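Participant: Here you go, this is input-v7.txt (compact mmCIF, C-alpha atoms).
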```
# COMPACT_ATOMS: atom_id res chain seq x y z
CA MET A 18 -136.58 -181.90 -13.21
CA SER A 19 -134.34 -184.49 -11.60
CA SER A 20 -132.70 -183.85 -8.27
CA SER A 21 -129.74 -186.11 -9.12
CA ARG A 22 -127.38 -183.27 -10.02
CA ALA A 23 -128.00 -181.70 -6.64
CA VAL A 24 -127.18 -184.84 -4.66
CA ARG A 25 -123.78 -184.72 -3.02
CA ARG A 26 -121.60 -187.73 -3.72
CA GLY A 27 -118.36 -188.93 -2.19
CA ARG A 28 -116.28 -187.50 0.60
CA ARG A 29 -115.42 -183.87 0.82
CA PRO A 30 -111.82 -182.93 1.63
CA GLY A 31 -110.50 -182.15 5.11
CA ALA A 32 -109.42 -184.09 8.18
CA PRO A 33 -112.54 -185.95 9.33
CA ASP A 34 -112.18 -185.04 13.01
CA THR A 35 -111.68 -181.32 12.42
CA ARG A 36 -114.55 -181.20 9.93
CA ALA A 37 -116.84 -182.97 12.40
CA GLU A 38 -115.84 -180.65 15.22
CA ILE A 39 -116.53 -177.59 13.08
CA LEU A 40 -119.95 -178.96 12.09
CA THR A 41 -120.84 -179.75 15.71
CA SER A 42 -119.85 -176.24 16.73
CA ALA A 43 -121.82 -174.74 13.82
CA ARG A 44 -124.99 -176.75 14.58
CA GLY A 45 -124.98 -175.67 18.21
CA LEU A 46 -124.43 -172.02 17.39
CA PHE A 47 -126.92 -171.82 14.50
CA ALA A 48 -129.60 -173.46 16.67
CA ALA A 49 -128.90 -171.20 19.66
CA HIS A 50 -128.23 -167.87 17.94
CA GLY A 51 -129.68 -168.23 14.44
CA PHE A 52 -127.89 -167.65 11.16
CA GLY A 53 -127.45 -163.90 11.64
CA GLY A 54 -126.22 -164.27 15.22
CA THR A 55 -123.52 -166.80 14.38
CA THR A 56 -120.10 -165.73 13.14
CA MET A 57 -117.53 -167.88 11.38
CA ARG A 58 -115.11 -166.78 14.09
CA ALA A 59 -117.41 -168.15 16.84
CA VAL A 60 -117.82 -171.45 14.98
CA ALA A 61 -114.03 -171.70 14.69
CA ALA A 62 -113.54 -170.89 18.38
CA GLY A 63 -116.13 -173.55 19.34
CA ALA A 64 -114.16 -176.13 17.36
CA GLY A 65 -110.78 -174.90 18.62
CA VAL A 66 -109.53 -174.00 15.15
CA ASP A 67 -108.69 -170.87 13.19
CA ALA A 68 -111.49 -169.10 11.26
CA ALA A 69 -109.48 -169.44 8.05
CA LEU A 70 -109.74 -173.22 8.38
CA VAL A 71 -113.54 -173.03 8.57
CA HIS A 72 -113.57 -171.01 5.35
CA HIS A 73 -111.08 -173.42 3.79
CA TYR A 74 -113.21 -176.47 4.59
CA PHE A 75 -116.72 -175.08 4.10
CA GLY A 76 -116.55 -171.88 2.03
CA THR A 77 -119.03 -169.13 2.94
CA LYS A 78 -121.30 -168.98 5.98
CA ASP A 79 -124.21 -169.94 3.68
CA ASP A 80 -122.27 -173.04 2.63
CA LEU A 81 -121.48 -173.88 6.26
CA PHE A 82 -125.14 -173.47 7.26
CA LEU A 83 -126.28 -175.87 4.54
CA ALA A 84 -123.51 -178.35 5.42
CA ALA A 85 -124.56 -178.21 9.08
CA LEU A 86 -128.10 -179.21 8.10
CA ASP A 87 -126.69 -182.47 6.76
CA ILE A 88 -129.19 -182.84 3.91
CA PRO A 89 -128.02 -184.72 0.80
CA VAL A 90 -129.02 -181.91 -1.57
CA ASP A 91 -127.94 -178.33 -1.99
CA PRO A 92 -131.24 -176.39 -2.12
CA ARG A 93 -129.55 -173.58 -4.05
CA ILE A 94 -128.89 -176.02 -6.93
CA VAL A 95 -132.43 -177.41 -6.71
CA VAL A 96 -134.01 -173.96 -7.00
CA ALA A 97 -131.70 -172.71 -9.77
CA PRO A 98 -134.21 -173.62 -12.55
CA VAL A 99 -136.93 -171.73 -10.68
CA VAL A 100 -134.92 -168.55 -10.93
CA ALA A 101 -133.59 -169.16 -14.44
CA GLY A 102 -137.10 -169.17 -15.96
CA GLY A 103 -138.08 -165.73 -14.68
CA PRO A 104 -141.20 -164.69 -12.76
CA GLU A 105 -143.79 -166.15 -15.17
CA GLY A 106 -144.59 -169.73 -14.18
CA ALA A 107 -142.19 -169.53 -11.25
CA GLY A 108 -144.87 -170.86 -8.87
CA GLU A 109 -145.20 -174.10 -10.82
CA ARG A 110 -141.42 -174.45 -11.26
CA PHE A 111 -140.88 -173.80 -7.55
CA LEU A 112 -143.28 -176.58 -6.58
CA THR A 113 -141.81 -178.93 -9.19
CA ALA A 114 -138.30 -178.41 -7.82
CA PHE A 115 -139.50 -178.67 -4.27
CA LEU A 116 -141.44 -181.93 -4.77
CA SER A 117 -138.59 -183.46 -6.81
CA VAL A 118 -136.49 -183.59 -3.64
CA TRP A 119 -139.21 -184.17 -1.02
CA ASP A 120 -140.71 -187.03 -3.04
CA ASP A 121 -137.29 -188.67 -3.55
CA PRO A 122 -137.21 -191.62 -1.11
CA GLU A 123 -133.43 -191.30 -0.77
CA VAL A 124 -133.60 -187.66 0.25
CA ARG A 125 -136.84 -187.44 2.22
CA PRO A 126 -135.59 -188.96 5.52
CA SER A 127 -132.90 -186.28 5.80
CA LEU A 128 -135.38 -183.53 5.00
CA LEU A 129 -137.82 -184.90 7.58
CA ALA A 130 -135.06 -184.83 10.18
CA VAL A 131 -134.39 -181.18 9.38
CA ALA A 132 -138.14 -180.39 9.49
CA ARG A 133 -138.39 -182.01 12.93
CA GLY A 134 -135.34 -180.06 14.06
CA VAL A 135 -136.99 -176.82 12.93
CA MET A 136 -140.17 -177.70 14.84
CA ASP A 137 -138.20 -178.32 18.01
CA PRO A 138 -138.11 -175.13 20.09
CA ALA A 139 -134.29 -175.25 20.13
CA GLY A 140 -134.26 -175.13 16.33
CA HIS A 141 -136.84 -172.44 15.60
CA ARG A 142 -134.27 -169.95 14.45
CA LEU A 143 -133.11 -172.39 11.75
CA LEU A 144 -136.16 -171.35 9.78
CA SER A 145 -136.51 -167.65 10.46
CA GLU A 146 -132.78 -166.93 10.50
CA GLY A 147 -131.51 -169.76 8.31
CA PHE A 148 -133.74 -171.19 5.59
CA LEU A 149 -135.57 -167.97 4.90
CA PRO A 150 -132.52 -165.73 4.36
CA VAL A 151 -130.25 -168.43 2.86
CA VAL A 152 -132.64 -170.38 0.63
CA ILE A 153 -136.08 -168.77 0.24
CA GLU A 154 -135.52 -165.01 0.12
CA PRO A 155 -132.70 -165.16 -2.47
CA ILE A 156 -135.17 -166.79 -4.89
CA GLY A 157 -137.36 -163.69 -4.79
CA THR A 158 -134.39 -161.37 -5.13
CA ALA A 159 -132.99 -163.36 -8.06
CA LEU A 160 -136.40 -163.41 -9.76
CA GLY A 161 -136.41 -159.62 -9.56
CA ILE A 162 -139.95 -159.49 -8.13
CA ASP A 163 -141.11 -156.41 -6.23
CA ARG A 164 -141.29 -156.53 -2.42
CA ALA A 165 -139.46 -159.88 -2.28
CA GLU A 166 -138.97 -159.53 1.48
CA HIS A 167 -142.76 -159.29 1.84
CA ARG A 168 -143.68 -161.99 -0.69
CA MET A 169 -141.24 -164.78 0.15
CA PRO A 170 -142.54 -165.32 3.71
CA LEU A 171 -146.01 -165.81 2.17
CA VAL A 172 -144.55 -168.47 -0.13
CA ALA A 173 -142.85 -170.05 2.89
CA SER A 174 -146.12 -170.08 4.86
CA GLN A 175 -147.80 -172.24 2.21
CA VAL A 176 -144.83 -174.48 1.51
CA ILE A 177 -144.25 -175.18 5.22
CA GLY A 178 -147.91 -176.06 5.74
CA LEU A 179 -147.73 -178.39 2.73
CA ILE A 180 -144.59 -180.06 4.15
CA MET A 181 -146.33 -180.54 7.49
CA LEU A 182 -149.49 -182.14 6.08
CA ARG A 183 -148.04 -184.16 3.18
CA TYR A 184 -144.76 -185.37 4.71
CA VAL A 185 -144.71 -184.91 8.51
CA PHE A 186 -148.32 -185.63 9.50
CA GLU A 187 -149.09 -187.63 6.30
CA VAL A 188 -152.65 -186.33 6.12
CA GLU A 189 -154.75 -187.71 3.25
CA PRO A 190 -155.48 -186.95 0.48
CA LEU A 191 -152.29 -184.86 0.41
CA ALA A 192 -149.95 -187.64 1.55
CA SER A 193 -150.82 -189.94 -1.39
CA MET A 194 -151.60 -187.29 -4.01
CA PRO A 195 -149.54 -187.57 -7.24
CA ALA A 196 -146.92 -184.83 -7.45
CA GLU A 197 -148.43 -183.33 -10.63
CA ARG A 198 -151.75 -182.83 -8.83
CA VAL A 199 -150.09 -181.24 -5.80
CA ILE A 200 -148.22 -178.90 -8.14
CA ALA A 201 -151.40 -177.97 -10.06
CA THR A 202 -153.29 -177.41 -6.79
CA TYR A 203 -150.75 -175.11 -5.17
CA ALA A 204 -149.17 -173.38 -8.20
CA PRO A 205 -151.81 -170.59 -8.40
CA THR A 206 -151.29 -169.84 -4.68
CA ILE A 207 -147.50 -169.65 -4.95
CA GLN A 208 -147.69 -167.65 -8.19
CA ARG A 209 -150.04 -165.09 -6.60
CA TYR A 210 -147.72 -164.70 -3.62
CA LEU A 211 -144.75 -164.25 -6.00
CA THR A 212 -146.19 -161.90 -8.60
CA GLY A 213 -149.91 -161.27 -7.99
CA PRO A 214 -151.66 -158.24 -6.50
CA LEU A 215 -151.39 -158.18 -2.72
CA PRO A 216 -152.90 -155.82 -0.13
CA MET B 6 -166.21 -160.76 15.41
CA SER B 7 -165.27 -160.94 19.08
CA SER B 8 -164.08 -164.15 20.63
CA SER B 9 -165.50 -163.24 24.05
CA ARG B 10 -168.57 -165.43 23.71
CA ALA B 11 -166.37 -168.45 23.03
CA VAL B 12 -164.20 -167.94 26.10
CA ARG B 13 -165.03 -170.34 28.91
CA ARG B 14 -165.58 -168.70 32.26
CA GLY B 15 -165.84 -170.11 35.77
CA ARG B 16 -165.53 -173.64 36.98
CA ARG B 17 -167.23 -176.54 35.35
CA PRO B 18 -169.04 -179.06 37.55
CA GLY B 19 -167.57 -182.34 38.77
CA ALA B 20 -165.23 -183.45 41.55
CA PRO B 21 -161.87 -181.79 40.71
CA ASP B 22 -159.74 -184.91 41.26
CA THR B 23 -161.88 -187.17 39.12
CA ARG B 24 -162.12 -184.57 36.35
CA ALA B 25 -158.35 -184.09 36.39
CA GLU B 26 -157.75 -187.85 36.29
CA ILE B 27 -160.07 -188.24 33.32
CA LEU B 28 -158.33 -185.38 31.48
CA THR B 29 -154.88 -186.85 32.18
CA SER B 30 -156.03 -190.21 30.88
CA ALA B 31 -157.61 -188.58 27.81
CA ARG B 32 -154.49 -186.53 26.97
CA GLY B 33 -152.26 -189.59 27.13
CA LEU B 34 -154.57 -191.72 24.98
CA PHE B 35 -155.33 -189.04 22.35
CA ALA B 36 -151.61 -188.33 21.95
CA ALA B 37 -150.69 -192.02 21.73
CA HIS B 38 -153.59 -193.37 19.66
CA GLY B 39 -155.20 -190.35 18.04
CA PHE B 40 -158.81 -189.30 18.19
CA GLY B 41 -160.14 -192.27 16.21
CA GLY B 42 -158.09 -194.80 18.17
CA THR B 43 -159.26 -193.60 21.58
CA THR B 44 -162.52 -194.82 23.11
CA MET B 45 -164.44 -193.22 25.97
CA ARG B 46 -164.26 -196.62 27.64
CA ALA B 47 -160.43 -196.60 27.49
CA VAL B 48 -160.29 -193.05 28.87
CA ALA B 49 -162.56 -194.14 31.73
CA ALA B 50 -160.44 -197.25 32.43
CA GLY B 51 -157.28 -195.13 32.49
CA ALA B 52 -158.85 -192.87 35.12
CA GLY B 53 -160.31 -195.79 37.07
CA VAL B 54 -163.91 -194.62 36.60
CA ASP B 55 -167.00 -195.76 34.73
CA ALA B 56 -167.49 -194.63 31.11
CA ALA B 57 -170.86 -193.12 32.05
CA LEU B 58 -169.04 -190.72 34.38
CA VAL B 59 -166.81 -189.54 31.51
CA HIS B 60 -169.91 -188.76 29.44
CA HIS B 61 -171.54 -187.11 32.44
CA TYR B 62 -168.58 -184.79 33.06
CA PHE B 63 -167.48 -184.08 29.49
CA GLY B 64 -170.29 -184.91 27.06
CA THR B 65 -169.28 -186.38 23.69
CA LYS B 66 -165.83 -187.58 22.63
CA ASP B 67 -165.49 -184.36 20.58
CA ASP B 68 -166.17 -182.36 23.76
CA LEU B 69 -163.64 -184.43 25.71
CA PHE B 70 -161.01 -183.97 23.01
CA LEU B 71 -161.43 -180.19 23.11
CA ALA B 72 -161.42 -180.16 26.93
CA ALA B 73 -158.21 -182.22 26.92
CA LEU B 74 -156.52 -179.58 24.74
CA ASP B 75 -157.06 -177.09 27.56
CA ILE B 76 -157.57 -174.05 25.33
CA PRO B 77 -159.79 -171.25 26.67
CA VAL B 78 -162.03 -171.20 23.59
CA ASP B 79 -164.32 -173.75 21.97
CA PRO B 80 -163.26 -173.67 18.30
CA ARG B 81 -166.71 -174.92 17.28
CA ILE B 82 -168.25 -171.71 18.65
CA VAL B 83 -165.55 -169.58 17.02
CA VAL B 84 -166.17 -171.06 13.57
CA ALA B 85 -169.98 -171.00 13.81
CA PRO B 86 -170.24 -167.64 11.93
CA VAL B 87 -168.04 -169.05 9.16
CA VAL B 88 -170.58 -171.78 8.52
CA ALA B 89 -173.67 -169.61 9.06
CA GLY B 90 -172.78 -167.28 6.18
CA GLY B 91 -172.62 -169.99 3.51
CA PRO B 92 -169.83 -170.75 1.02
CA GLU B 93 -169.54 -167.25 -0.50
CA GLY B 94 -167.02 -165.19 1.47
CA ALA B 95 -166.31 -168.14 3.77
CA GLY B 96 -162.55 -167.77 3.22
CA GLU B 97 -162.55 -164.25 4.60
CA ARG B 98 -164.87 -165.16 7.50
CA PHE B 99 -162.73 -168.22 8.32
CA LEU B 100 -159.60 -166.07 8.59
CA THR B 101 -161.45 -163.38 10.58
CA ALA B 102 -162.66 -165.96 13.13
CA PHE B 103 -159.26 -167.62 13.23
CA LEU B 104 -157.30 -164.39 13.81
CA SER B 105 -159.82 -163.16 16.42
CA VAL B 106 -158.64 -165.93 18.75
CA TRP B 107 -154.98 -166.18 17.74
CA ASP B 108 -154.49 -162.40 18.01
CA ASP B 109 -156.18 -162.30 21.45
CA PRO B 110 -153.32 -161.96 23.98
CA GLU B 111 -155.34 -163.83 26.62
CA VAL B 112 -155.87 -166.84 24.38
CA ARG B 113 -152.69 -167.01 22.33
CA PRO B 114 -150.42 -168.60 24.98
CA SER B 115 -152.78 -171.59 25.26
CA LEU B 116 -152.98 -171.95 21.49
CA LEU B 117 -149.21 -171.78 21.19
CA ALA B 118 -148.90 -174.55 23.77
CA VAL B 119 -151.26 -176.71 21.70
CA ALA B 120 -149.35 -175.87 18.50
CA ARG B 121 -146.08 -176.90 20.15
CA GLY B 122 -147.75 -180.11 21.37
CA VAL B 123 -148.86 -180.89 17.82
CA MET B 124 -145.33 -180.32 16.50
CA ASP B 125 -143.89 -182.71 19.07
CA PRO B 126 -143.64 -186.20 17.53
CA ALA B 127 -145.74 -187.61 20.41
CA GLY B 128 -148.56 -185.22 19.50
CA HIS B 129 -148.66 -185.56 15.71
CA ARG B 130 -151.94 -187.47 15.77
CA LEU B 131 -153.61 -184.53 17.55
CA LEU B 132 -153.71 -182.80 14.18
CA SER B 133 -154.44 -185.57 11.70
CA GLU B 134 -156.79 -187.48 13.97
CA GLY B 135 -158.03 -184.67 16.21
CA PHE B 136 -158.20 -181.12 14.89
CA LEU B 137 -158.89 -182.11 11.31
CA PRO B 138 -161.88 -184.41 11.97
CA VAL B 139 -163.23 -182.53 15.02
CA VAL B 140 -162.76 -178.88 14.01
CA ILE B 141 -161.70 -178.40 10.38
CA GLU B 142 -163.55 -181.02 8.33
CA PRO B 143 -166.99 -180.33 9.88
CA ILE B 144 -166.71 -176.74 8.57
CA GLY B 145 -166.57 -178.01 5.01
CA THR B 146 -169.39 -180.46 5.59
CA ALA B 147 -171.58 -177.80 7.23
CA LEU B 148 -170.86 -175.36 4.38
CA GLY B 149 -172.15 -177.99 1.96
CA ILE B 150 -169.15 -177.66 -0.36
CA ASP B 151 -168.26 -180.46 -2.75
CA ARG B 152 -165.35 -182.79 -1.92
CA ALA B 153 -164.99 -181.34 1.59
CA GLU B 154 -162.67 -184.19 2.59
CA HIS B 155 -160.34 -183.14 -0.24
CA ARG B 156 -160.64 -179.36 0.24
CA MET B 157 -160.36 -178.99 4.01
CA PRO B 158 -156.82 -180.43 4.26
CA LEU B 159 -155.77 -177.79 1.68
CA VAL B 160 -157.27 -175.11 3.93
CA ALA B 161 -155.44 -176.66 6.89
CA SER B 162 -152.14 -176.66 4.97
CA GLN B 163 -152.29 -172.87 4.51
CA VAL B 164 -153.62 -172.08 7.98
CA ILE B 165 -150.98 -174.23 9.70
CA GLY B 166 -148.19 -172.57 7.71
CA LEU B 167 -149.59 -169.17 8.65
CA ILE B 168 -149.69 -170.18 12.35
CA MET B 169 -146.10 -171.35 12.16
CA LEU B 170 -144.72 -168.17 10.56
CA ARG B 171 -146.88 -165.52 12.27
CA TYR B 172 -147.17 -166.96 15.78
CA VAL B 173 -144.62 -169.74 16.40
CA PHE B 174 -141.57 -168.52 14.45
CA GLU B 175 -142.70 -164.85 14.45
CA VAL B 176 -141.30 -164.20 10.98
CA GLU B 177 -141.66 -160.64 9.66
CA PRO B 178 -143.55 -159.07 8.01
CA LEU B 179 -146.22 -161.65 8.98
CA ALA B 180 -145.67 -161.42 12.75
CA SER B 181 -146.43 -157.68 12.91
CA MET B 182 -148.90 -157.44 10.03
CA PRO B 183 -152.33 -155.97 10.97
CA ALA B 184 -155.02 -158.65 11.06
CA GLU B 185 -157.04 -157.02 8.24
CA ARG B 186 -154.05 -157.23 5.93
CA VAL B 187 -153.38 -160.88 6.81
CA ILE B 188 -157.03 -161.64 6.12
CA ALA B 189 -156.98 -159.79 2.77
CA THR B 190 -153.74 -161.55 1.79
CA TYR B 191 -154.88 -165.10 2.53
CA ALA B 192 -158.65 -164.89 1.85
CA PRO B 193 -158.35 -165.59 -1.92
CA THR B 194 -156.24 -168.68 -1.15
CA ILE B 195 -158.66 -170.09 1.44
CA GLN B 196 -161.67 -169.26 -0.75
CA ARG B 197 -160.16 -171.07 -3.75
CA TYR B 198 -159.45 -174.14 -1.63
CA LEU B 199 -163.05 -174.04 -0.30
CA THR B 200 -165.02 -173.37 -3.48
CA GLY B 201 -162.69 -172.75 -6.44
CA PRO B 202 -161.79 -175.05 -9.32
CA LEU B 203 -159.20 -177.64 -8.29
CA PRO B 204 -157.36 -180.27 -10.31
```
In structure tokens, write the structure found in this file.

Facilitator:
Amino acid sequence: MSSSRAVRRGRRPGAPDTRAEILTSARGLFAAHGFGGTTMRAVAAGAGVDAALVHHYFGTKDDLFLAALDIPVDPRIVVAPVVAGGPEGAGERFLTAFLSVWDDPEVRPSLLAVARGVMDPAGHRLLSEGFLPVVIEPIGTALGIDRAEHRMPLVASQVIGLIMLRYVFEVEPLASMPAERVIATYAPTIQRYLTGPLP
Amino acid sequence: MSSSRAVRRGRRPGAPDTRAEILTSARGLFAAHGFGGTTMRAVAAGAGVDAALVHHYFGTKDDLFLAALDIPVDPRIVVAPVVAGGPEGAGERFLTAFLSVWDDPEVRPSLLAVARGVMDPAGHRLLSEGFLPVVIEPIGTALGIDRAEHRMPLVASQVIGLIMLRYVFEVEPLASMPAERVIATYAPTIQRYLTGPLP
């Protein structure tokens, strides 16, 4: 698949200063209190605006969280084909979607910045209380797999390790491995975590 | 297995100031230049001593690297039973050895400090040019598996993701999962990376 449809283009509406102040407030609160511990009302208060304006500019709290990450793709659009195909083969489709954005030289720098932010102690909750509930766990729920809340963290544990070695630490042979080979290597692991027998 | 035999006890020999100066020099050089880019001679020069003294106090460069990490276990002793049992079942033994130290409340704080050091941009080479060649890759070589240099980074990619979710980010259900269940969950993955068919 191509990631081009998921790439945001052009300016979004809203007064630039107010938008920027809302995003700054949101980033600080998500990093300090996690996704669950941050309310739209608190983000609005931090920016000195009304909560209705935050909703008007950014939509839902999920939307605001993804906007605050400042990545040029919407991961929910990227993973849509993973869900649409059903549980069978979902491991391979998940990796294909995932590598299509991480291997895109226009997108990777932003994703690396987010990965580094997650690894910083101040940003740890971005993963456990942001990416997991907003991006990863809904995939399992939408696929209709059993025990999604148990299985999706397993998927995340392999995908995060792959990100670290291939993209952050650039460890060979993973760093230079063609995408198709990475997908074929990891697809059985992800598929087992999604739908296989587990203890 | 118990990790008690791998835990260092008591003081090691050597004048405390000189030892500390050598370790400070080693930590700075390993972090800046990686394991491969650091010589015993440079460590000695940084501490203002002769290279022979570094060897006398710390042994080989592998030994110095592990001493510089300041963890209360020698990972080479911890993984010895993994290697001794041969390739069959090595995935399960690897995870058993690995969890025996990470789940030990006396050892975990030191390991977490190392993990956070690795995630810091200044410490990235500790993994790719330290842990992988000194601790992880020799396991594959000693097991006599084919393409160890290809397989061991795959093992590392899963183990690092597991460390991140279970110990650093403390994501449930992994954070509270009994060790036996973690081992049973991940053993097929590690075993396939060690000895299974790969593309």

Participant: Find the nearest atom pair between each residue of chain A and chain B for residues within 6 Å, count all atoms listed in the file, give distances in Å to one decimal, sort rows by chain and ascending number, and present the table as JSON lines.

Facilitator:
```
{"residue": "A:Ser145", "atom": "CA", "partner": "B:Val176", "partner_atom": "CA", "distance": 5.9}
{"residue": "A:Ser174", "atom": "CA", "partner": "B:Gly166", "partner_atom": "CA", "distance": 4.3}
{"residue": "A:Gln175", "atom": "CA", "partner": "B:Gln163", "partner_atom": "CA", "distance": 5.1}
{"residue": "A:Ile177", "atom": "CA", "partner": "B:Gly166", "partner_atom": "CA", "distance": 5.3}
{"residue": "A:Gly178", "atom": "CA", "partner": "B:Gly166", "partner_atom": "CA", "distance": 4.0}
{"residue": "A:Leu179", "atom": "CA", "partner": "B:Ser162", "partner_atom": "CA", "distance": 5.2}
{"residue": "A:Val188", "atom": "CA", "partner": "B:Ser133", "partner_atom": "CA", "distance": 5.9}
```

Participant: Determine, counting all atoms listed in the file, which protein, DNA and RNA residues have an atom within 8 Å of an atom of Ala192 of chain B; residues of the same chain fewer than 5 positions away are not included. Present the result as a list in words.

Facilitator: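 Near neighbours after the sequence-gap exclusion: Gly96, Glu97 and Leu100 of chain B.
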
Participant: What's around Arg81 of chain B at 10 Å? Count only C-alpha atoms, leave out sequence neighbours fewer than 5 positions away in its own chain, and write the answer as a PyMOL selection string.

Facilitator: chain B and resi 11+68+71+86+139-141+143-144

Participant: Would you please work out which residue, of B:Tyr62, B:Trp107, B:Phe136, B:Phe99, is nearest to Pro77 of chain B when using only C-alpha atoms?

Facilitator: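 Of B:Tyr62, B:Trp107, B:Phe136, B:Phe99, the one nearest Pro77 of chain B is B:Trp107, counting only C-alpha atoms.
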
Participant: Would you pick out the contacts of Arg24 of chain B at 12 Å or less, using all atoms listed in the file, so that residues sharing its chain but fewer than 6 positions from it are not included, and give the list as a short mmCIF file (atom, residue, chain, number, x, y, z; two decimals) with C-alpha atoms, in the coordinates of the input?

Facilitator:
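Final output, saved to result.cif:
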```cif
data_model
loop_
_atom_site.label_atom_id
_atom_site.label_comp_id
_atom_site.auth_asym_id
_atom_site.auth_seq_id
_atom_site.Cartn_x
_atom_site.Cartn_y
_atom_site.Cartn_z
CA ARG B 16 -165.53 -173.64 36.98
CA ARG B 17 -167.23 -176.54 35.35
CA PRO B 18 -169.04 -179.06 37.55
CA SER B 30 -156.03 -190.21 30.88
CA ALA B 31 -157.61 -188.58 27.81
CA VAL B 48 -160.29 -193.05 28.87
CA ALA B 49 -162.56 -194.14 31.73
CA ALA B 52 -158.85 -192.87 35.12
CA GLY B 53 -160.31 -195.79 37.07
CA VAL B 54 -163.91 -194.62 36.60
CA LEU B 58 -169.04 -190.72 34.38
CA VAL B 59 -166.81 -189.54 31.51
CA HIS B 60 -169.91 -188.76 29.44
CA HIS B 61 -171.54 -187.11 32.44
CA TYR B 62 -168.58 -184.79 33.06
CA PHE B 63 -167.48 -184.08 29.49
CA LEU B 69 -163.64 -184.43 25.71
CA ALA B 72 -161.42 -180.16 26.93
CA ALA B 73 -158.21 -182.22 26.92
#
```

Participant: What is the distance, in Å and to one decimal place, between atom CA of Ile39 of chain A and atom CA of Asp91 of chain A?

Facilitator: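 Value for the atom CA of Ile39 of chain A-atom CA of Asp91 of chain A distance: 18.9 Å.
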
Participant: Counting all atoms listed in the file, figure out which residue out of A:Ala49, A:Leu40, A:Val90, A:Ala59 gets nearest to Glu123 of chain A.

Facilitator: A:Val90

Participant: With all atoms listed in the file as the atoms that count, which of B:Val119, B:Asp75, B:Leu199, B:Asp108 lies nearest to Glu93 of chain B?

Facilitator: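 Among the listed residues, B:Leu199 lies closest to Glu93 of chain B.
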
Participant: Which distance in Å separates atom CA of Arg44 of chain A and atom CA of Ala97 of chain A, to one decimal?

Facilitator: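 Distance reported for this atom pair: 25.6 Å.
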
Participant: To one decimal in Å, tell me the separation between atom CA of Tyr172 of chain B and atom CA of Pro114 of chain B.

Facilitator: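 Computing the Euclidean distance for atom CA of Tyr172 of chain B and atom CA of Pro114 of chain B yields 9.9 Å.
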